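entry-v2.cif (mmCIF, C-alpha atoms) appears below.
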data_final
loop_
_atom_site.group_PDB
_atom_site.id
_atom_site.type_symbol
_atom_site.label_atom_id
_atom_site.label_comp_id
_atom_site.auth_asym_id
_atom_site.auth_seq_id
_atom_site.Cartn_x
_atom_site.Cartn_y
_atom_site.Cartn_z
ATOM 1 C CA MET A 25 9.626 -5.439 3.538
ATOM 2 C CA ARG A 26 9.256 -4.946 7.285
ATOM 3 C CA PRO A 27 6.357 -6.628 9.129
ATOM 4 C CA ASN A 28 4.716 -3.290 9.963
ATOM 5 C CA THR A 29 4.853 -2.274 6.296
ATOM 6 C CA ARG A 30 3.280 -5.584 5.283
ATOM 7 C CA LEU A 31 0.511 -5.114 7.849
ATOM 8 C CA TRP A 32 -0.212 -1.588 6.643
ATOM 9 C CA THR A 33 -0.293 -2.780 3.027
ATOM 10 C CA VAL A 34 -2.735 -5.579 3.822
ATOM 11 C CA GLN A 35 -4.831 -3.265 6.006
ATOM 12 C CA GLY A 36 -5.030 -0.693 3.208
ATOM 13 C CA LEU A 37 -6.060 -3.282 0.620
ATOM 14 C CA LEU A 38 -8.651 -4.811 2.928
ATOM 15 C CA ALA A 39 -10.002 -1.395 3.913
ATOM 16 C CA ALA A 40 -10.447 -0.462 0.239
ATOM 17 C CA LEU A 41 -12.104 -3.819 -0.516
ATOM 18 C CA PHE A 42 -14.513 -3.690 2.426
ATOM 19 C CA LEU A 43 -15.287 -0.005 2.010
ATOM 20 C CA PHE A 44 -16.231 -0.624 -1.617
ATOM 21 C CA ALA A 45 -18.228 -3.768 -0.788
ATOM 22 C CA GLY A 46 -19.984 -2.196 2.187
ATOM 23 C CA ILE A 47 -20.962 1.034 0.459
ATOM 24 C CA SER A 48 -22.127 -0.815 -2.646
ATOM 25 C CA LYS A 49 -24.403 -2.979 -0.470
ATOM 26 C CA LEU A 50 -25.785 0.141 1.180
ATOM 27 C CA ILE A 51 -26.581 2.039 -2.023
ATOM 28 C CA MET A 52 -27.778 -0.911 -4.108
ATOM 29 C CA PRO A 53 -31.574 -1.364 -4.292
ATOM 30 C CA ALA A 54 -32.988 -4.103 -2.073
ATOM 31 C CA ALA A 55 -34.418 -6.106 -4.974
ATOM 32 C CA ALA A 56 -31.041 -6.239 -6.706
ATOM 33 C CA LEU A 57 -29.348 -7.369 -3.493
ATOM 34 C CA GLU A 58 -31.848 -10.178 -2.936
ATOM 35 C CA ALA A 59 -31.574 -11.363 -6.545
ATOM 36 C CA GLN A 60 -27.789 -11.399 -6.393
ATOM 37 C CA ALA A 61 -27.251 -13.193 -3.084
ATOM 38 C CA HIS A 62 -30.548 -14.997 -2.376
ATOM 39 C CA LEU A 63 -30.541 -13.570 1.148
ATOM 40 C CA PRO A 64 -32.869 -11.017 2.781
ATOM 41 C CA ALA A 65 -32.056 -7.437 1.837
ATOM 42 C CA ALA A 66 -32.122 -6.259 5.467
ATOM 43 C CA PHE A 67 -29.441 -8.818 6.358
ATOM 44 C CA LEU A 68 -27.279 -7.730 3.428
ATOM 45 C CA LYS A 69 -27.682 -4.074 4.410
ATOM 46 C CA PHE A 70 -26.553 -5.028 7.929
ATOM 47 C CA ILE A 71 -23.515 -6.797 6.455
ATOM 48 C CA GLY A 72 -22.825 -3.660 4.396
ATOM 49 C CA ILE A 73 -22.821 -1.535 7.544
ATOM 50 C CA CYS A 74 -20.504 -4.024 9.280
ATOM 51 C CA GLU A 75 -18.115 -4.080 6.315
ATOM 52 C CA THR A 76 -18.001 -0.288 6.149
ATOM 53 C CA LEU A 77 -17.353 0.060 9.874
ATOM 54 C CA GLY A 78 -14.797 -2.753 9.699
ATOM 55 C CA ALA A 79 -12.927 -0.943 6.926
ATOM 56 C CA ILE A 80 -12.821 2.201 9.051
ATOM 57 C CA GLY A 81 -11.730 0.142 12.063
ATOM 58 C CA LEU A 82 -8.825 -1.347 10.123
ATOM 59 C CA ILE A 83 -7.253 2.042 9.467
ATOM 60 C CA LEU A 84 -8.427 4.740 11.860
ATOM 61 C CA PRO A 85 -7.263 3.410 15.271
ATOM 62 C CA GLU A 86 -3.749 2.617 14.037
ATOM 63 C CA LEU A 87 -3.520 5.856 12.094
ATOM 64 C CA THR A 88 -4.577 8.068 15.008
ATOM 65 C CA LYS A 89 -2.921 5.868 17.650
ATOM 66 C CA ILE A 90 -6.133 6.110 19.665
ATOM 67 C CA ARG A 91 -7.633 2.841 20.934
ATOM 68 C CA ARG A 92 -5.243 0.750 18.849
ATOM 69 C CA ASP A 93 -6.759 -2.372 20.390
ATOM 70 C CA LEU A 94 -9.817 -1.885 18.146
ATOM 71 C CA THR A 95 -7.924 -2.703 14.930
ATOM 72 C CA PRO A 96 -7.531 -6.448 15.611
ATOM 73 C CA LEU A 97 -11.145 -6.559 16.808
ATOM 74 C CA ALA A 98 -12.352 -4.968 13.560
ATOM 75 C CA ALA A 99 -10.261 -7.446 11.594
ATOM 76 C CA ALA A 100 -11.682 -10.337 13.652
ATOM 77 C CA GLY A 101 -15.203 -9.181 12.832
ATOM 78 C CA LEU A 102 -14.293 -9.152 9.149
ATOM 79 C CA VAL A 103 -12.898 -12.693 9.481
ATOM 80 C CA ILE A 104 -16.303 -13.788 10.775
ATOM 81 C CA ILE A 105 -18.081 -12.067 7.877
ATOM 82 C CA MET A 106 -15.722 -13.618 5.323
ATOM 83 C CA THR A 107 -16.150 -17.069 6.846
ATOM 84 C CA GLY A 108 -19.889 -16.772 6.294
ATOM 85 C CA ALA A 109 -19.356 -15.375 2.799
ATOM 86 C CA THR A 110 -17.053 -18.278 1.925
ATOM 87 C CA VAL A 111 -19.589 -20.860 3.086
ATOM 88 C CA ILE A 112 -22.507 -19.172 1.311
ATOM 89 C CA SER A 113 -20.489 -18.754 -1.900
ATOM 90 C CA ALA A 114 -19.514 -22.419 -1.868
ATOM 91 C CA ILE A 115 -23.121 -23.513 -1.294
ATOM 92 C CA GLN A 116 -24.780 -21.226 -3.830
ATOM 93 C CA GLY A 117 -22.507 -21.664 -6.790
ATOM 94 C CA PRO A 118 -19.247 -23.090 -8.007
ATOM 95 C CA VAL A 119 -16.716 -23.593 -5.244
ATOM 96 C CA ALA A 120 -14.261 -21.398 -7.156
ATOM 97 C CA GLY A 121 -16.463 -18.422 -6.230
ATOM 98 C CA ALA A 122 -15.537 -18.988 -2.597
ATOM 99 C CA ILE A 123 -11.835 -18.324 -3.212
ATOM 100 C CA VAL A 124 -12.023 -14.516 -3.056
ATOM 101 C CA PRO A 125 -13.852 -14.322 0.310
ATOM 102 C CA ALA A 126 -11.584 -17.051 1.692
ATOM 103 C CA VAL A 127 -8.453 -15.095 0.722
ATOM 104 C CA ALA A 128 -9.916 -11.885 2.158
ATOM 105 C CA GLY A 129 -10.688 -13.745 5.394
ATOM 106 C CA LEU A 130 -7.161 -15.128 5.588
ATOM 107 C CA LEU A 131 -5.696 -11.665 5.042
ATOM 108 C CA ALA A 132 -7.941 -10.278 7.777
ATOM 109 C CA ALA A 133 -6.737 -13.086 10.074
ATOM 110 C CA TYR A 134 -3.157 -12.030 9.275
ATOM 111 C CA VAL A 135 -4.041 -8.504 10.430
ATOM 112 C CA VAL A 136 -5.626 -9.883 13.622
ATOM 113 C CA ARG A 137 -2.488 -11.845 14.434
ATOM 114 C CA GLY A 138 -0.082 -9.053 13.552
ATOM 115 C CA ARG A 139 -1.890 -6.227 15.289
ATOM 116 C CA TRP A 140 -2.873 -8.264 18.341
ATOM 117 C CA ALA A 141 0.813 -8.819 19.065
ATOM 118 C CA SER A 142 1.512 -5.078 18.923
ATOM 119 C CA VAL A 143 -1.293 -4.053 21.292
ATOM 120 C CA GLU A 144 0.128 -2.989 24.613
ATOM 121 C CA PRO A 145 -1.508 -4.615 27.603
ATOM 122 C CA GLN A 146 -3.568 -2.160 29.581
ATOM 123 C CA ARG A 147 -2.375 -1.267 32.993
ATOM 124 C CA GLN A 148 -4.464 -2.596 35.810
ATOM 125 C CA PRO A 149 -5.438 0.033 38.353
ATOM 126 C CA HIS A 150 -3.849 -0.378 41.726
ATOM 127 C CA ALA A 151 -5.884 -2.513 44.029
ATOM 128 C CA VAL A 152 -7.761 -0.489 46.557
ATOM 129 C CA ALA A 153 -7.279 -1.659 50.091
ATOM 130 C CA PRO A 154 -10.529 -2.826 51.617
ATOM 131 C CA THR A 155 -11.913 -0.429 54.125
ATOM 132 C CA VAL A 156 -12.490 -1.686 57.578
ATOM 133 C CA LEU A 157 -15.549 -0.559 59.430
ATOM 134 C CA ARG A 158 -14.860 0.193 63.019
ATOM 135 C CA ARG A 159 -17.283 0.417 65.836
ATOM 136 C CA ALA A 160 -17.737 3.708 67.473
ATOM 137 C CA ALA A 161 -16.668 3.311 71.091
#
Let me see the file written as structure tokens.
Amino acid sequence: MRPNTRLWTVQGLLAALFLFAGISKLIMPAAALEAQAHLPAAFLKFIGICETLGAIGLILPELTKIRRDLTPLAAAGLVIIMTGATVISAIQGPVAGAIVPAVAGLLAAYVVRGRWASVEPQRQPHAVAPTVLRRAA
């Protein structure tokens, strides 16, 4: 399998995972969220929004070839979320529960590394020569 195919496969799987997780956090009642994660519901709703936007950011820029530099940034944001999820899962319950968020975070890091290398550097605008003020004679 070619590297681009592997990246697209991982991006598709992660997008499906985070879209499902994000939307489920957004539609789940606040009391159920707090009971499940022992965190404030507003924070979990915020995480749900971030996961949903991250899932969109994994696919849309590369698919449309518009602002392709946003894909590794979306994946980096998901790495941060999964790092927190791994730590919280390890603290709140058996350490084995932290395996899934850790693997998701590692896969998101793979996308960051792979897509960051394919982002073309932006051209710098030509330097504008400084204007010189002259005295009127």
| request: Excluding segment 49-57 of chain A and residues on its chain fewer than 2 positions from it, collect all residues at most 10 Å away from it, counting all atoms listed in the file, and give them as number ranges by chain. | output: A: 43-47, 59-73, 75-76
| How would you write, as a PyMOL selection string, the residues chosen by the PyMOL selection byres ((chain A and resi 106) around 8) on this structure? | chain A and resi 102-105+107-110+125-126+128-129
The selected residues should be written to file as a compact mmCIF listing (two decimals), in the coordinates of the input (atoms: C-alpha atoms).
# COMPACT_ATOMS: atom_id res chain seq x y z
CA LEU A 102 -14.29 -9.15 9.15
CA VAL A 103 -12.90 -12.69 9.48
CA ILE A 104 -16.30 -13.79 10.78
CA ILE A 105 -18.08 -12.07 7.88
CA THR A 107 -16.15 -17.07 6.85
CA GLY A 108 -19.89 -16.77 6.29
CA ALA A 109 -19.36 -15.38 2.80
CA THR A 110 -17.05 -18.28 1.92
CA PRO A 125 -13.85 -14.32 0.31
CA ALA A 126 -11.58 -17.05 1.69
CA ALA A 128 -9.92 -11.88 2.16
CA GLY A 129 -10.69 -13.74 5.39
| Contact residues around Asp93 of chain A with all atoms listed in the file at 9 Å, ignoring same-chain residues under 2 positions, as a PyMOL selection string | chain A and resi 85-86+90-91+95-97+139-140+142-144
| request: For Leu31 of chain A, work out the shell of residues within 10 Å, counting only C-alpha atoms and skipping chain neighbours fewer than 6 positions away, then give it as JSON, numbers by chain. | output: {"A": [37, 131, 132, 134, 135, 136, 137, 138, 139]}
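Taking atom CA of Thr33 of chain A and atom CA of Gly121 of chain A as the two end points, the separation is 24.3 Å.
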| Using all atoms listed in the file: which of A:Glu58, A:Gln35, A:Ser113, A:Ala120 has the shortest distance to Gly81 of chain A | A:Gln35
| query | Looking at A:Ala100, A:Ala114, A:Arg92, A:Leu38, which one is nearest to Ala79 of chain A, with distances taken over all atoms listed in the file? | reply | A:Leu38
| request: Take atom CA of Ser48 of chain A and atom CA of Pro118 of chain A and report the distance between them in Å, one decimal. | output: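 Distance between the two atoms: 23.1 Å.
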| Atom pair atom CA of Leu94 of chain A / atom CA of Val124 of chain A: separation (Å) |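 Between atom CA of Leu94 of chain A and atom CA of Val124 of chain A the gap works out to 24.8 Å.
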How big is the axis-aligned box around the listed atoms of segment 111-120 of chain A once 3 Å is added on each side, and where is its centre? Give both in Å to one decimal, as lines of an AutoDock Vina configuration file.
center_x = -19.5
center_y = -21.2
center_z = -2.5
size_x = 16.5
size_y = 10.8
size_z = 17.1
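Distances from A:Met25, A:Gly101, A:Gln116, A:Gly36 to Leu87 of chain A were compared using all atoms listed in the file, and the smallest one belongs to A:Gly36.
Considering the residues A:Ala122, A:Ile83, A:Ala133, A:Ala98 and counting only C-alpha atoms, Ala39 of chain A has its shortest atom-to-atom contact with A:Ile83.
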